[in-house]
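Participant: So I've got this file, structure_5.txt, and it contains compact mmCIF, C-alpha atoms:
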# COMPACT_ATOMS: atom_id res chain seq x y z
CA PRO A 1 111.59 161.50 150.56
CA SER A 2 110.46 162.00 154.12
CA GLU A 3 111.27 159.30 156.66
CA PRO A 4 108.35 157.48 158.36
CA THR A 5 107.58 158.84 161.80
CA GLU A 6 106.95 156.49 164.70
CA PRO A 7 103.61 156.82 166.56
CA LEU A 8 103.69 158.61 169.93
CA PRO A 9 103.40 156.40 173.03
CA ASN A 10 100.13 158.00 174.22
CA GLU A 11 98.55 157.94 170.76
CA PRO A 12 96.07 155.05 170.13
CA PRO A 13 96.86 152.73 167.25
CA SER A 14 95.09 153.53 164.01
CA GLU A 15 92.26 151.18 163.06
CA PRO A 16 91.98 149.76 159.55
CA PRO A 17 89.32 151.40 157.39
CA SER A 18 85.99 149.61 157.57
CA GLU A 19 84.34 148.24 154.43
CA PRO A 20 81.09 149.74 153.23
CA PRO A 21 78.18 147.86 154.84
CA ASN A 22 76.09 147.54 151.68
CA GLU A 23 78.87 146.10 149.50
CA PRO A 24 79.05 142.26 149.62
CA PRO A 25 82.43 140.63 150.06
CA SER A 26 84.19 139.79 146.82
CA GLU A 27 84.27 136.09 145.87
CA PRO A 28 86.99 134.45 143.84
CA PRO A 29 86.03 133.72 140.21
CA SER A 30 84.66 130.28 139.60
CA GLU A 31 87.05 127.90 137.82
CA PRO A 32 86.15 124.80 135.79
CA LEU A 33 86.24 121.59 137.79
CA ASP A 34 86.38 118.04 136.51
CA ASN A 35 84.27 115.11 137.72
CA SER A 36 86.46 114.54 140.79
CA GLY A 37 86.11 118.16 141.93
CA SER A 38 89.72 119.19 141.22
CA ARG A 39 90.70 122.03 138.95
CA ALA A 40 90.53 121.14 135.23
CA GLU A 41 92.59 122.50 132.38
CA PRO A 42 90.71 124.71 129.85
CA GLU A 43 91.28 122.22 127.01
CA GLU A 44 90.06 119.27 129.10
CA TYR A 45 87.07 121.28 130.28
CA ALA A 46 86.14 122.22 126.69
CA SER A 47 86.52 118.60 125.58
CA GLU A 48 84.29 117.42 128.43
CA VAL A 49 81.59 120.00 127.65
CA MET A 50 81.74 119.16 123.92
CA GLY A 51 81.42 115.44 124.60
CA ARG A 52 78.49 115.96 126.98
CA LEU A 53 76.57 118.15 124.51
CA THR A 54 77.12 115.86 121.53
CA LYS A 55 76.11 112.77 123.51
CA PHE A 56 72.91 114.53 124.48
CA ILE A 57 72.13 115.15 120.80
CA TYR A 58 73.11 111.60 119.78
CA ASN A 59 70.81 110.05 122.41
CA TYR A 60 67.93 112.50 122.03
CA PRO A 61 64.91 110.84 120.36
CA GLY A 62 64.13 112.21 116.94
CA SER A 63 67.56 113.78 116.39
CA GLU A 64 68.34 111.71 113.31
CA GLY A 65 69.09 113.72 110.22
CA ARG A 66 70.53 117.18 109.85
CA ILE A 67 70.97 118.01 113.56
CA ARG A 68 72.79 114.79 114.36
CA THR A 69 75.00 115.10 111.27
CA ARG A 70 76.03 118.65 112.10
CA ALA A 71 76.71 117.73 115.74
CA MET A 72 78.96 114.88 114.62
CA LEU A 73 80.83 117.16 112.21
CA CYS A 74 81.35 119.73 114.95
CA HIS A 75 82.65 116.97 117.23
CA ILE A 76 85.12 115.82 114.52
CA TYR A 77 86.21 119.41 113.94
CA HIS A 78 86.81 119.91 117.67
CA HIS A 79 88.87 116.71 117.99
CA ALA A 80 91.00 117.59 114.95
CA LEU A 81 91.52 121.17 116.12
CA HIS A 82 92.93 119.94 119.45
CA ASP A 83 95.25 117.31 117.85
CA ARG A 84 93.19 114.27 118.83
CA TRP A 85 93.77 112.49 115.54
CA PHE A 86 92.63 108.99 116.38
CA GLN A 87 89.36 110.11 117.98
CA ALA A 88 88.53 112.37 115.01
CA HIS A 89 89.52 109.72 112.46
CA ASP A 90 87.51 106.95 114.13
CA LEU A 91 84.47 109.19 114.49
CA MET A 92 84.64 110.13 110.81
CA LEU A 93 84.83 106.48 109.74
CA MET A 94 82.06 105.37 112.11
CA SER A 95 79.70 108.10 110.90
CA HIS A 96 79.86 107.04 107.18
CA LEU A 97 79.22 110.66 106.25
CA GLN A 98 81.38 110.45 103.14
CA GLU A 99 78.80 108.13 101.58
CA SER A 100 75.75 110.37 102.05
CA ILE A 101 77.09 113.91 102.37
CA HIS A 102 76.15 114.71 98.76
CA LEU A 103 72.49 114.40 99.78
CA ALA A 104 72.79 116.97 102.57
CA ASP A 105 72.03 120.68 102.35
CA VAL A 106 74.68 123.23 101.39
CA PRO A 107 75.56 124.49 104.93
CA THR A 108 76.12 120.90 106.09
CA GLN A 109 78.35 120.21 103.08
CA LEU A 110 80.39 123.31 103.89
CA LEU A 111 80.78 122.12 107.47
CA TYR A 112 81.88 118.71 106.19
CA ASN A 113 84.53 120.34 103.98
CA ARG A 114 85.88 122.35 106.89
CA ALA A 115 85.98 119.30 109.16
CA LEU A 116 87.78 117.32 106.45
CA VAL A 117 90.44 120.02 106.04
CA GLN A 118 91.01 120.19 109.80
CA LEU A 119 91.28 116.40 109.88
CA GLY A 120 93.94 116.48 107.16
CA MET A 121 95.99 119.15 108.92
CA CYS A 122 95.73 117.20 112.19
CA ALA A 123 97.01 114.09 110.39
CA PHE A 124 99.94 116.11 109.05
CA ARG A 125 100.87 117.34 112.53
CA HIS A 126 100.93 113.71 113.68
CA GLY A 127 103.23 112.70 110.81
CA ARG A 128 100.60 110.74 108.86
CA ILE A 129 101.52 112.11 105.46
CA ARG A 130 99.36 109.84 103.32
CA ASP A 131 96.23 110.45 105.38
CA ALA A 132 96.82 114.19 105.23
CA HIS A 133 97.17 114.10 101.44
CA ASN A 134 94.05 111.97 100.99
CA ALA A 135 91.99 114.33 103.15
CA LEU A 136 93.12 117.50 101.35
CA VAL A 137 93.35 116.33 97.74
CA ASP A 138 89.67 116.82 96.84
CA ILE A 139 89.44 120.33 98.26
CA GLN A 140 92.81 121.49 96.95
CA SER A 141 92.57 120.02 93.45
CA SER A 142 89.16 121.59 92.78
CA GLY A 143 90.60 125.10 92.46
CA ARG A 144 87.72 126.49 94.52
CA SER A 145 88.99 125.93 98.04
CA LYS A 146 87.96 129.41 99.16
CA GLU A 147 84.39 128.83 98.03
CA LEU A 148 84.18 125.26 99.33
CA LEU A 149 85.24 126.40 102.81
CA ALA A 150 82.78 129.35 102.86
CA GLN A 151 85.62 131.86 103.14
CA GLY A 152 84.96 133.91 100.03
CA LEU A 153 83.28 133.96 96.64
CA ILE A 154 84.74 133.41 93.19
CA ALA A 155 83.51 135.67 90.38
CA ARG A 156 81.07 133.75 88.20
CA HIS A 157 78.87 135.05 85.41
CA ASP A 158 76.14 132.41 85.77
CA ARG A 159 75.31 133.45 89.36
CA SER A 160 72.24 135.61 89.87
CA VAL A 161 71.94 138.40 92.43
CA GLU A 162 69.75 136.29 94.73
CA GLN A 163 72.20 133.38 94.62
CA GLU A 164 75.08 135.69 95.43
CA LYS A 165 73.20 137.13 98.41
CA LEU A 166 72.39 133.61 99.64
CA GLU A 167 76.00 132.49 99.35
CA ARG A 168 77.22 135.59 101.17
CA ARG A 169 74.99 134.70 104.10
CA ARG A 170 76.72 131.31 104.32
CA GLN A 171 80.21 132.79 104.73
CA VAL A 172 81.89 132.11 108.06
CA PRO A 173 83.30 135.05 110.08
CA PHE A 174 86.92 136.01 109.67
CA HIS A 175 88.09 134.67 113.03
CA MET A 176 86.93 131.17 111.99
CA HIS A 177 88.85 131.16 108.68
CA ILE A 178 91.30 128.37 107.86
CA ASN A 179 94.52 129.77 106.44
CA LEU A 180 94.51 128.81 102.75
CA GLU A 181 98.26 129.24 102.32
CA LEU A 182 98.94 126.90 105.23
CA MET A 183 96.50 124.34 103.80
CA GLU A 184 98.17 124.49 100.37
CA CYS A 185 101.61 124.25 101.99
CA VAL A 186 100.56 121.12 103.90
CA TYR A 187 99.10 119.61 100.74
CA LEU A 188 102.13 120.30 98.51
CA THR A 189 104.57 119.08 101.15
CA SER A 190 102.58 115.86 101.61
CA ALA A 191 102.48 115.38 97.84
CA MET A 192 106.25 115.96 97.57
CA LEU A 193 107.05 113.40 100.29
CA GLN A 194 105.03 110.78 98.37
CA GLU A 195 105.61 111.74 94.75
CA ILE A 196 109.40 112.12 94.60
CA PRO A 197 110.22 108.58 95.91
CA TYR A 198 107.55 107.14 93.60
CA MET A 199 108.97 109.00 90.59
CA ALA A 200 112.42 107.65 91.40
CA ALA A 201 111.07 104.09 91.72
CA ALA A 202 109.00 104.26 88.51
CA GLU A 203 111.57 106.13 86.42
CA THR A 204 112.06 103.24 83.99
CA GLU A 205 108.34 102.56 83.64
CA GLY A 206 106.51 104.00 80.68
CA ARG A 207 103.25 104.73 82.43
CA ARG A 208 103.22 106.35 85.85
CA ARG A 209 100.18 107.15 87.90
CA LEU A 210 99.96 110.67 89.22
CA ILE A 211 99.56 111.01 92.97
CA SER A 212 99.05 114.78 92.79
CA LYS A 213 98.25 116.60 89.55
CA SER A 214 98.71 120.05 91.05
CA PHE A 215 102.19 119.12 92.31
CA HIS A 216 103.15 117.87 88.83
CA HIS A 217 101.80 121.11 87.40
CA GLN A 218 104.09 123.10 89.70
CA LEU A 219 107.07 120.96 88.68
CA LYS A 220 106.39 121.40 84.95
CA TYR A 221 105.87 125.14 85.35
CA HIS A 222 109.20 125.40 87.17
CA GLU A 223 111.00 123.40 84.46
CA LYS A 224 109.68 125.69 81.71
CA GLN A 225 111.21 128.78 83.29
CA PRO A 226 114.20 130.06 81.26
CA LEU A 227 115.93 131.48 84.32
CA VAL A 228 115.46 129.98 87.78
CA GLY A 229 116.43 132.14 90.72
CA PRO A 230 116.31 131.59 94.46
CA PRO A 231 112.85 130.63 95.74
CA GLU A 232 110.63 133.39 97.06
CA SER A 233 107.07 132.14 97.37
CA MET A 234 105.82 129.07 99.21
CA ARG A 235 105.32 127.07 96.02
CA GLU A 236 108.84 127.84 94.80
CA HIS A 237 110.28 126.63 98.11
CA VAL A 238 108.43 123.31 97.78
CA VAL A 239 109.55 122.86 94.16
CA ALA A 240 113.17 123.66 95.05
CA ALA A 241 112.98 121.16 97.91
CA ALA A 242 111.62 118.54 95.51
CA HIS A 243 114.56 119.00 93.11
CA ALA A 244 116.98 118.74 96.03
CA MET A 245 115.31 115.53 97.20
CA LYS A 246 115.68 114.03 93.70
CA LYS A 247 119.44 114.47 93.97
CA GLY A 248 119.63 113.01 97.47
CA LYS A 249 120.50 116.37 99.13
CA TRP A 250 118.38 116.07 102.25
CA LYS A 251 119.95 119.02 104.05
CA ALA A 252 119.11 121.45 101.22
CA CYS A 253 115.60 119.98 101.02
CA ARG A 254 115.16 120.42 104.77
CA ASP A 255 116.37 124.01 104.68
CA TYR A 256 113.99 124.91 101.84
CA ILE A 257 110.97 123.39 103.58
CA LEU A 258 111.68 124.73 107.07
CA SER A 259 112.25 128.26 105.74
CA ILE A 260 108.57 128.54 104.77
CA LYS A 261 106.94 131.06 107.08
CA ALA A 262 103.53 129.36 107.00
CA TRP A 263 104.68 126.76 109.55
CA ASP A 264 104.69 129.44 112.25
CA LEU A 265 100.88 129.42 112.17
CA PHE A 266 100.87 126.05 113.92
CA ILE A 267 100.74 126.09 117.70
CA ASN A 268 103.32 123.31 118.17
CA VAL A 269 105.61 124.63 115.45
CA ASP A 270 108.79 123.07 116.92
CA ALA A 271 107.28 119.56 116.96
CA VAL A 272 106.01 120.01 113.38
CA LYS A 273 109.43 121.12 112.11
CA GLU A 274 111.12 118.23 113.87
CA MET A 275 108.67 115.79 112.29
CA LEU A 276 109.25 117.35 108.85
CA ALA A 277 113.03 117.07 109.17
CA ARG A 278 112.73 113.39 110.10
CA LYS A 279 110.34 112.63 107.22
CA ILE A 280 112.59 114.44 104.74
CA GLN A 281 115.57 112.34 105.85
CA GLU A 282 113.64 109.09 105.47
CA GLU A 283 112.06 109.87 102.10
CA THR A 284 115.34 111.20 100.69
CA LEU A 285 116.97 107.92 101.72
CA ARG A 286 114.28 105.97 99.86
CA THR A 287 114.70 108.22 96.81
CA TYR A 288 118.48 107.74 96.84
CA ILE A 289 118.17 103.94 97.01
CA PHE A 290 115.60 103.87 94.19
CA SER A 291 117.67 106.18 91.97
CA TYR A 292 121.02 104.39 92.34
CA SER A 293 119.90 100.77 92.75
CA GLU A 294 120.73 100.11 89.07
CA ILE A 295 124.25 101.49 89.46
CA TYR A 296 125.46 99.88 92.69
CA ASP A 297 125.84 96.18 93.30
CA SER A 298 125.68 96.65 97.07
CA LEU A 299 125.17 99.44 99.61
CA ASN A 300 126.51 99.57 103.16
CA LEU A 301 123.95 100.38 105.87
CA ASP A 302 126.55 102.17 108.00
CA ARG A 303 127.44 104.40 105.06
CA LEU A 304 123.76 105.22 104.45
CA SER A 305 123.28 105.95 108.14
CA GLU A 306 126.21 108.37 108.03
CA MET A 307 125.05 110.06 104.82
CA PHE A 308 121.51 110.74 105.95
CA ASP A 309 122.18 111.20 109.69
CA LEU A 310 119.78 108.43 110.68
CA PRO A 311 120.17 105.66 113.27
CA ILE A 312 121.23 102.31 111.90
CA LYS A 313 117.98 100.76 113.16
CA THR A 314 115.90 103.28 111.20
CA VAL A 315 117.86 102.61 108.01
CA HIS A 316 117.48 98.86 108.52
CA SER A 317 113.73 99.25 109.06
CA ILE A 318 113.24 101.40 105.93
CA VAL A 319 115.21 99.02 103.69
CA SER A 320 113.41 95.97 105.11
CA LYS A 321 110.00 97.52 104.36
CA MET A 322 111.09 98.31 100.80
CA ILE A 323 112.20 94.70 100.27
CA ILE A 324 109.06 93.20 101.86
CA LYS A 325 106.77 95.34 99.70
CA GLU A 326 108.84 94.34 96.64
CA ASP A 327 109.61 97.96 95.86
CA LEU A 328 113.31 97.12 95.93
CA LEU A 329 114.71 93.95 94.37
CA ALA A 330 117.48 93.25 96.83
CA SER A 331 118.39 91.24 99.92
CA LEU A 332 119.94 92.14 103.27
CA ASP A 333 123.23 90.53 104.31
CA GLU A 334 123.12 90.67 108.09
CA PRO A 335 126.77 89.75 108.92
CA THR A 336 128.22 92.47 106.70
CA GLN A 337 125.28 94.93 107.07
CA THR A 338 124.98 95.45 103.32
CA ILE A 339 122.18 95.58 100.75
CA VAL A 340 122.85 93.23 97.85
CA MET A 341 121.06 94.38 94.69
CA HIS A 342 119.36 91.95 92.30
CA HIS A 343 119.71 93.41 88.83
CA THR A 344 116.64 91.75 87.33
CA LYS A 345 114.91 94.98 86.50
CA PRO A 346 115.18 96.09 82.84
CA ASN A 347 117.22 99.18 82.13
CA LYS A 348 115.83 102.29 80.51
CA LEU A 349 116.44 101.16 76.90
CA GLN A 350 114.83 97.78 77.54
CA SER A 351 111.84 99.43 79.24
CA GLN A 352 111.32 101.75 76.27
CA ALA A 353 111.51 98.78 73.89
CA LEU A 354 108.92 96.89 75.94
CA LEU A 355 106.68 99.94 75.96
CA LEU A 356 106.99 100.29 72.17
CA ALA A 357 106.13 96.61 71.68
CA GLU A 358 103.09 97.01 73.92
CA LYS A 359 101.83 100.02 71.98
CA ILE A 360 102.36 98.26 68.63
CA GLY A 361 100.39 95.27 69.92
CA MET A 362 97.53 97.52 71.02
CA LEU A 363 97.54 99.23 67.61
CA ALA A 364 97.41 95.87 65.81
CA GLU A 365 94.47 94.72 67.91
CA TYR A 366 92.65 97.98 67.21
CA ASN A 367 93.16 97.56 63.45
CA GLU A 368 91.89 93.98 63.61
CA GLU A 369 88.72 95.12 65.35
CA LEU A 370 88.18 97.77 62.68
CA MET A 371 88.60 95.20 59.90
CA LYS A 372 86.11 92.88 61.59
CA LEU A 373 83.56 95.65 61.80
CA LYS A 374 84.16 96.54 58.17
CA HIS A 375 83.74 92.99 56.81
CA ALA A 376 80.93 92.01 59.20
CA GLY A 377 78.51 94.63 57.88
CA PRO A 378 74.73 94.34 57.80
CA TRP A 379 74.77 92.96 54.24
CA ASN A 380 76.34 89.69 55.51
CA VAL A 381 73.45 88.85 57.81
CA HIS A 382 71.97 86.07 55.64
CA SER A 383 75.35 84.39 55.14
CA GLN A 384 76.14 84.57 58.87
CA GLN A 385 72.89 82.89 59.79
CA GLN A 386 73.31 80.17 57.16
CA GLY A 387 76.83 79.48 58.34
CA GLY A 388 75.59 78.74 61.83
CA GLY A 389 77.09 81.88 63.38
CA ALA A 390 75.48 84.08 65.96
CA PRO A 391 72.45 86.05 64.67
CA TYR A 392 73.19 89.65 63.81
CA GLN A 393 71.46 92.21 66.00
CA PHE A 394 69.52 94.57 63.76
CA ARG A 395 69.46 98.20 64.71
CA GLN A 396 66.33 100.27 64.38
CA MET A 397 65.88 101.29 60.72
CA PRO A 398 63.05 103.08 58.90
CA ALA A 399 60.57 100.88 57.04
CA TRP A 400 60.95 100.51 53.27
CA HIS A 401 58.24 99.55 50.78
CA GLY A 402 58.91 98.27 47.32
CA GLN A 403 57.03 99.57 44.27
CA GLY A 404 58.04 97.97 40.97
CA GLY A 405 61.73 97.56 41.73
CA LYS A 406 62.01 100.99 43.38
CA TYR A 407 62.08 101.59 47.09
CA ARG A 408 60.58 104.51 48.94
CA ARG A 409 60.86 105.43 52.63
CA GLN A 410 57.51 105.32 54.39
CA GLY A 411 55.97 108.74 54.92
CA GLN A 412 58.22 110.49 52.36
CA GLY A 413 57.98 110.98 48.60
CA ARG A 414 61.70 110.69 48.06
CA GLN A 415 62.81 107.61 46.12
CA GLY A 416 66.13 105.87 46.52
CA LYS A 417 68.09 102.76 45.78
CA PRO A 418 67.52 99.45 47.54
CA HIS A 419 69.21 99.17 50.96
CA GLY A 420 70.54 95.95 52.41
CA MET A 421 68.64 96.39 55.64
CA GLY A 422 65.37 96.52 53.72
CA GLN A 423 65.77 93.04 52.20
CA ARG A 424 64.31 91.14 55.12
CA ARG A 425 61.55 89.17 53.35
CA GLY A 426 63.48 85.92 53.39
CA LEU A 427 64.29 86.31 57.07
CA GLU A 428 60.74 87.19 58.04
CA SER A 429 59.27 84.29 56.04
Could you show the structure in this file as structure tokens?

Facilitator:
Amino acid sequence: PSEPTEPLPNEPPSEPPSEPPNEPPSEPPSEPLDNSGSRAEPEEYASEVMGRLTKFIYNYPGSEGRIRTRAMLCHIYHHALHDRWFQAHDLMLMSHLQESIHLADVPTQLLYNRALVQLGMCAFRHGRIRDAHNALVDIQSSGRSKELLAQGLIARHDRSVEQEKLERRRQVPFHMHINLELMECVYLTSAMLQEIPYMAAAETEGRRRLISKSFHHQLKYHEKQPLVGPPESMREHVVAAAHAMKKGKWKACRDYILSIKAWDLFINVDAVKEMLARKIQEETLRTYIFSYSEIYDSLNLDRLSEMFDLPIKTVHSIVSKMIIKEDLLASLDEPTQTIVMHHTKPNKLQSQALLLAEKIGMLAEYNEELMKLKHAGPWNVHSQQQGGGAPYQFRQMPAWHGQGGKYRRQGQGRQGKPHGMGQRRGLES
């Protein structure tokens, strides 16, 4: 490369090139500013614009009805999408939309379903497992989540061509779709974190309520398999994690759950995985205590803290809540830091015997009711009234007319034998 040459001493310095006269000077692009005039973040600016627009609709006269409902649902959706759980939750409860949404039109109901799903996923990111499950259970258990979220159609034979065209117009564009696999993963994980400790606590009970039917269906389908290999799909990972949690293996359960690739679709994926690992440790601890409370006479808190890699304060808090709610029949010995079990709960054989006695009692009561109905027929009406009992309520019967000892139904030529309900002359007189 050639070296730069210095200008000669008699040569005048070169002037910078002049700008074209007709071209205006370039201005810096305008940036969003907040109320104080300083630069605002894009998320804060979007939240401020959304709040200003929705307040205008809320306060506008004559906006009651569909417009106000849709604006409120969009506001809830926006809060949930940006991880503002408490604002979205409070706005949903204050609106009372869950009481009247069945009266709205179909596009508004679809918007409500989408806002509800976003609210459930926001609750899951904040570690509120029960709220997330309650928000997603109706959509997920219907089996038509794609159709309820306006993200596709399910083949149906009773749908006409015009109805299909109308429903296709209601579909949302692809860039607004909610990932169905991520939604199902959130739902099944929330169900697992609630169902497995409950199953361990209610193992000796005959009747157990189902928190999630679809989760139980996945468990039964997995148990029917003749050969179980390593998990491959998302559902198999959740089922394998559930079986590991039953046995108290929280590390295996954590590895199965965190290996699901759907979690990478979250923006704050590291915070979500950290929350999941903490919840798995806590719920596995509760499952372990429920499962082995009938075997041990006492449990050391330090030993539990070492087994599940939890602080001693967290273990103490979890056990105290279980005792206060009467889920665990035990007491805490503070000087020795131990849990003393109270073996007042019946064992499995005693629980089955109690269940059998309960079913036999129900069967005996059912047979007694049948015998009462059999002996208290309509032919005992006169004797019941003479005995001072309650009057028998006659049911509507066709009129009968007697002709020389024979009885014939009114309006028909067919003759028959006398019927007890037709002998009402003494009662009428």

Participant: So the first atom is CA of Ile360 (chain A) and the second is CA of Ala200 (chain A); what is the distance between them in Å, to one decimal place?

Facilitator: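 Going from CA of Ile360 (chain A) over to CA of Ala200 (chain A) covers 26.6 Å.
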
Participant: What separation in Å, quoted to one decimal, exists between CA of Ile178 (chain A) and CA of Thr69 (chain A)?

Facilitator: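 Computing it gives 21.3 Å between the two atoms.
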
Participant: Could you check which of A:Pro173, A:Val186, A:Ile295, A:Gln87 is closest to Ala132 (chain A), using only C-alpha atoms?

Facilitator: A:Val186

Participant: Got a sec to check which residues sit within 8 Å of (109.2, 117.3, 96.6), counting only C-alpha atoms, and write them as a PyMOL selection string?

Facilitator: chain A and resi 188-189+191-196+238-246

Participant: Rank A:Ser331, A:Thr284, A:Met275, A:His177 by their smallest atom-to-atom distance to Leu299 (chain A), using only C-alpha atoms, and report the top residue only.

Facilitator: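 Among the listed residues, A:Ser331 lies closest to Leu299 (chain A).
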
Participant: With all heavy atoms as the atom set, please write region 192-200 of chain A from the structure just given, as an mmCIF file, in the first residue's frame.

Facilitator:
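Wrote part.cif, looks like this:
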data_model
loop_
_atom_site.group_PDB
_atom_site.id
_atom_site.type_symbol
_atom_site.label_atom_id
_atom_site.label_comp_id
_atom_site.auth_asym_id
_atom_site.auth_seq_id
_atom_site.Cartn_x
_atom_site.Cartn_y
_atom_site.Cartn_z
ATOM 1 N N MET A 192 -48.637 -32.725 38.041
ATOM 2 C CA MET A 192 -47.729 -33.655 38.720
ATOM 3 C C MET A 192 -47.320 -33.126 40.088
ATOM 4 O O MET A 192 -47.302 -33.878 41.081
ATOM 5 C CB MET A 192 -46.494 -33.888 37.856
ATOM 6 C CG MET A 192 -45.479 -34.843 38.454
ATOM 7 S SD MET A 192 -43.838 -34.708 37.718
ATOM 8 C CE MET A 192 -43.311 -33.125 38.350
ATOM 9 N N LEU A 193 -46.998 -31.832 40.175
ATOM 10 C CA LEU A 193 -46.553 -31.256 41.443
ATOM 11 C C LEU A 193 -47.660 -31.235 42.493
ATOM 12 O O LEU A 193 -47.375 -31.133 43.688
ATOM 13 C CB LEU A 193 -46.025 -29.842 41.216
ATOM 14 C CG LEU A 193 -44.733 -29.735 40.402
ATOM 15 C CD1 LEU A 193 -44.384 -28.283 40.131
ATOM 16 C CD2 LEU A 193 -43.586 -30.421 41.116
ATOM 17 N N GLN A 194 -48.916 -31.331 42.069
ATOM 18 C CA GLN A 194 -50.029 -31.393 43.022
ATOM 19 C C GLN A 194 -50.510 -32.815 43.262
ATOM 20 O O GLN A 194 -50.885 -33.170 44.387
ATOM 21 C CB GLN A 194 -51.203 -30.550 42.511
ATOM 22 C CG GLN A 194 -50.933 -29.072 42.428
ATOM 23 C CD GLN A 194 -52.171 -28.312 42.011
ATOM 24 O OE1 GLN A 194 -53.028 -27.951 42.818
ATOM 25 N NE2 GLN A 194 -52.291 -28.067 40.715
ATOM 26 N N GLU A 195 -50.523 -33.622 42.216
ATOM 27 C CA GLU A 195 -51.162 -34.932 42.299
ATOM 28 C C GLU A 195 -50.312 -35.947 43.048
ATOM 29 O O GLU A 195 -50.846 -36.736 43.845
ATOM 30 C CB GLU A 195 -51.448 -35.436 40.880
ATOM 31 C CG GLU A 195 -52.358 -36.645 40.833
ATOM 32 C CD GLU A 195 -53.804 -36.280 41.099
ATOM 33 O OE1 GLU A 195 -54.333 -35.399 40.426
ATOM 34 O OE2 GLU A 195 -54.401 -36.924 42.001
ATOM 35 N N ILE A 196 -49.013 -35.966 42.822
ATOM 36 C CA ILE A 196 -48.170 -37.000 43.432
ATOM 37 C C ILE A 196 -48.147 -36.883 44.959
ATOM 38 O O ILE A 196 -48.320 -37.889 45.661
ATOM 39 C CB ILE A 196 -46.752 -36.937 42.838
ATOM 40 C CG1 ILE A 196 -46.796 -37.222 41.332
ATOM 41 C CG2 ILE A 196 -45.846 -37.949 43.518
ATOM 42 C CD1 ILE A 196 -47.378 -38.551 40.973
ATOM 43 N N PRO A 197 -47.954 -35.684 45.566
ATOM 44 C CA PRO A 197 -48.056 -35.614 47.031
ATOM 45 C C PRO A 197 -49.437 -35.994 47.558
ATOM 46 O O PRO A 197 -49.558 -36.630 48.618
ATOM 47 C CB PRO A 197 -47.714 -34.153 47.348
ATOM 48 C CG PRO A 197 -46.911 -33.687 46.190
ATOM 49 C CD PRO A 197 -47.474 -34.399 45.008
ATOM 50 N N TYR A 198 -50.490 -35.624 46.813
ATOM 51 C CA TYR A 198 -51.839 -35.985 47.266
ATOM 52 C C TYR A 198 -52.051 -37.494 47.196
ATOM 53 O O TYR A 198 -52.692 -38.079 48.080
ATOM 54 C CB TYR A 198 -52.872 -35.251 46.429
ATOM 55 C CG TYR A 198 -54.291 -35.629 46.762
ATOM 56 C CD1 TYR A 198 -54.894 -35.166 47.928
ATOM 57 C CD2 TYR A 198 -55.018 -36.472 45.938
ATOM 58 C CE1 TYR A 198 -56.185 -35.529 48.258
ATOM 59 C CE2 TYR A 198 -56.305 -36.831 46.250
ATOM 60 C CZ TYR A 198 -56.884 -36.357 47.408
ATOM 61 O OH TYR A 198 -58.160 -36.730 47.723
ATOM 62 N N MET A 199 -51.547 -38.142 46.155
ATOM 63 C CA MET A 199 -51.681 -39.595 46.049
ATOM 64 C C MET A 199 -50.928 -40.289 47.182
ATOM 65 O O MET A 199 -51.394 -41.309 47.710
ATOM 66 C CB MET A 199 -51.153 -40.058 44.683
ATOM 67 C CG MET A 199 -52.020 -39.654 43.508
ATOM 68 S SD MET A 199 -51.254 -40.027 41.918
ATOM 69 C CE MET A 199 -51.119 -41.793 42.015
ATOM 70 N N ALA A 200 -49.782 -39.749 47.549
ATOM 71 C CA ALA A 200 -49.038 -40.345 48.665
ATOM 72 C C ALA A 200 -49.763 -40.133 49.993
ATOM 73 O O ALA A 200 -49.751 -41.015 50.860
ATOM 74 C CB ALA A 200 -47.635 -39.740 48.736
#
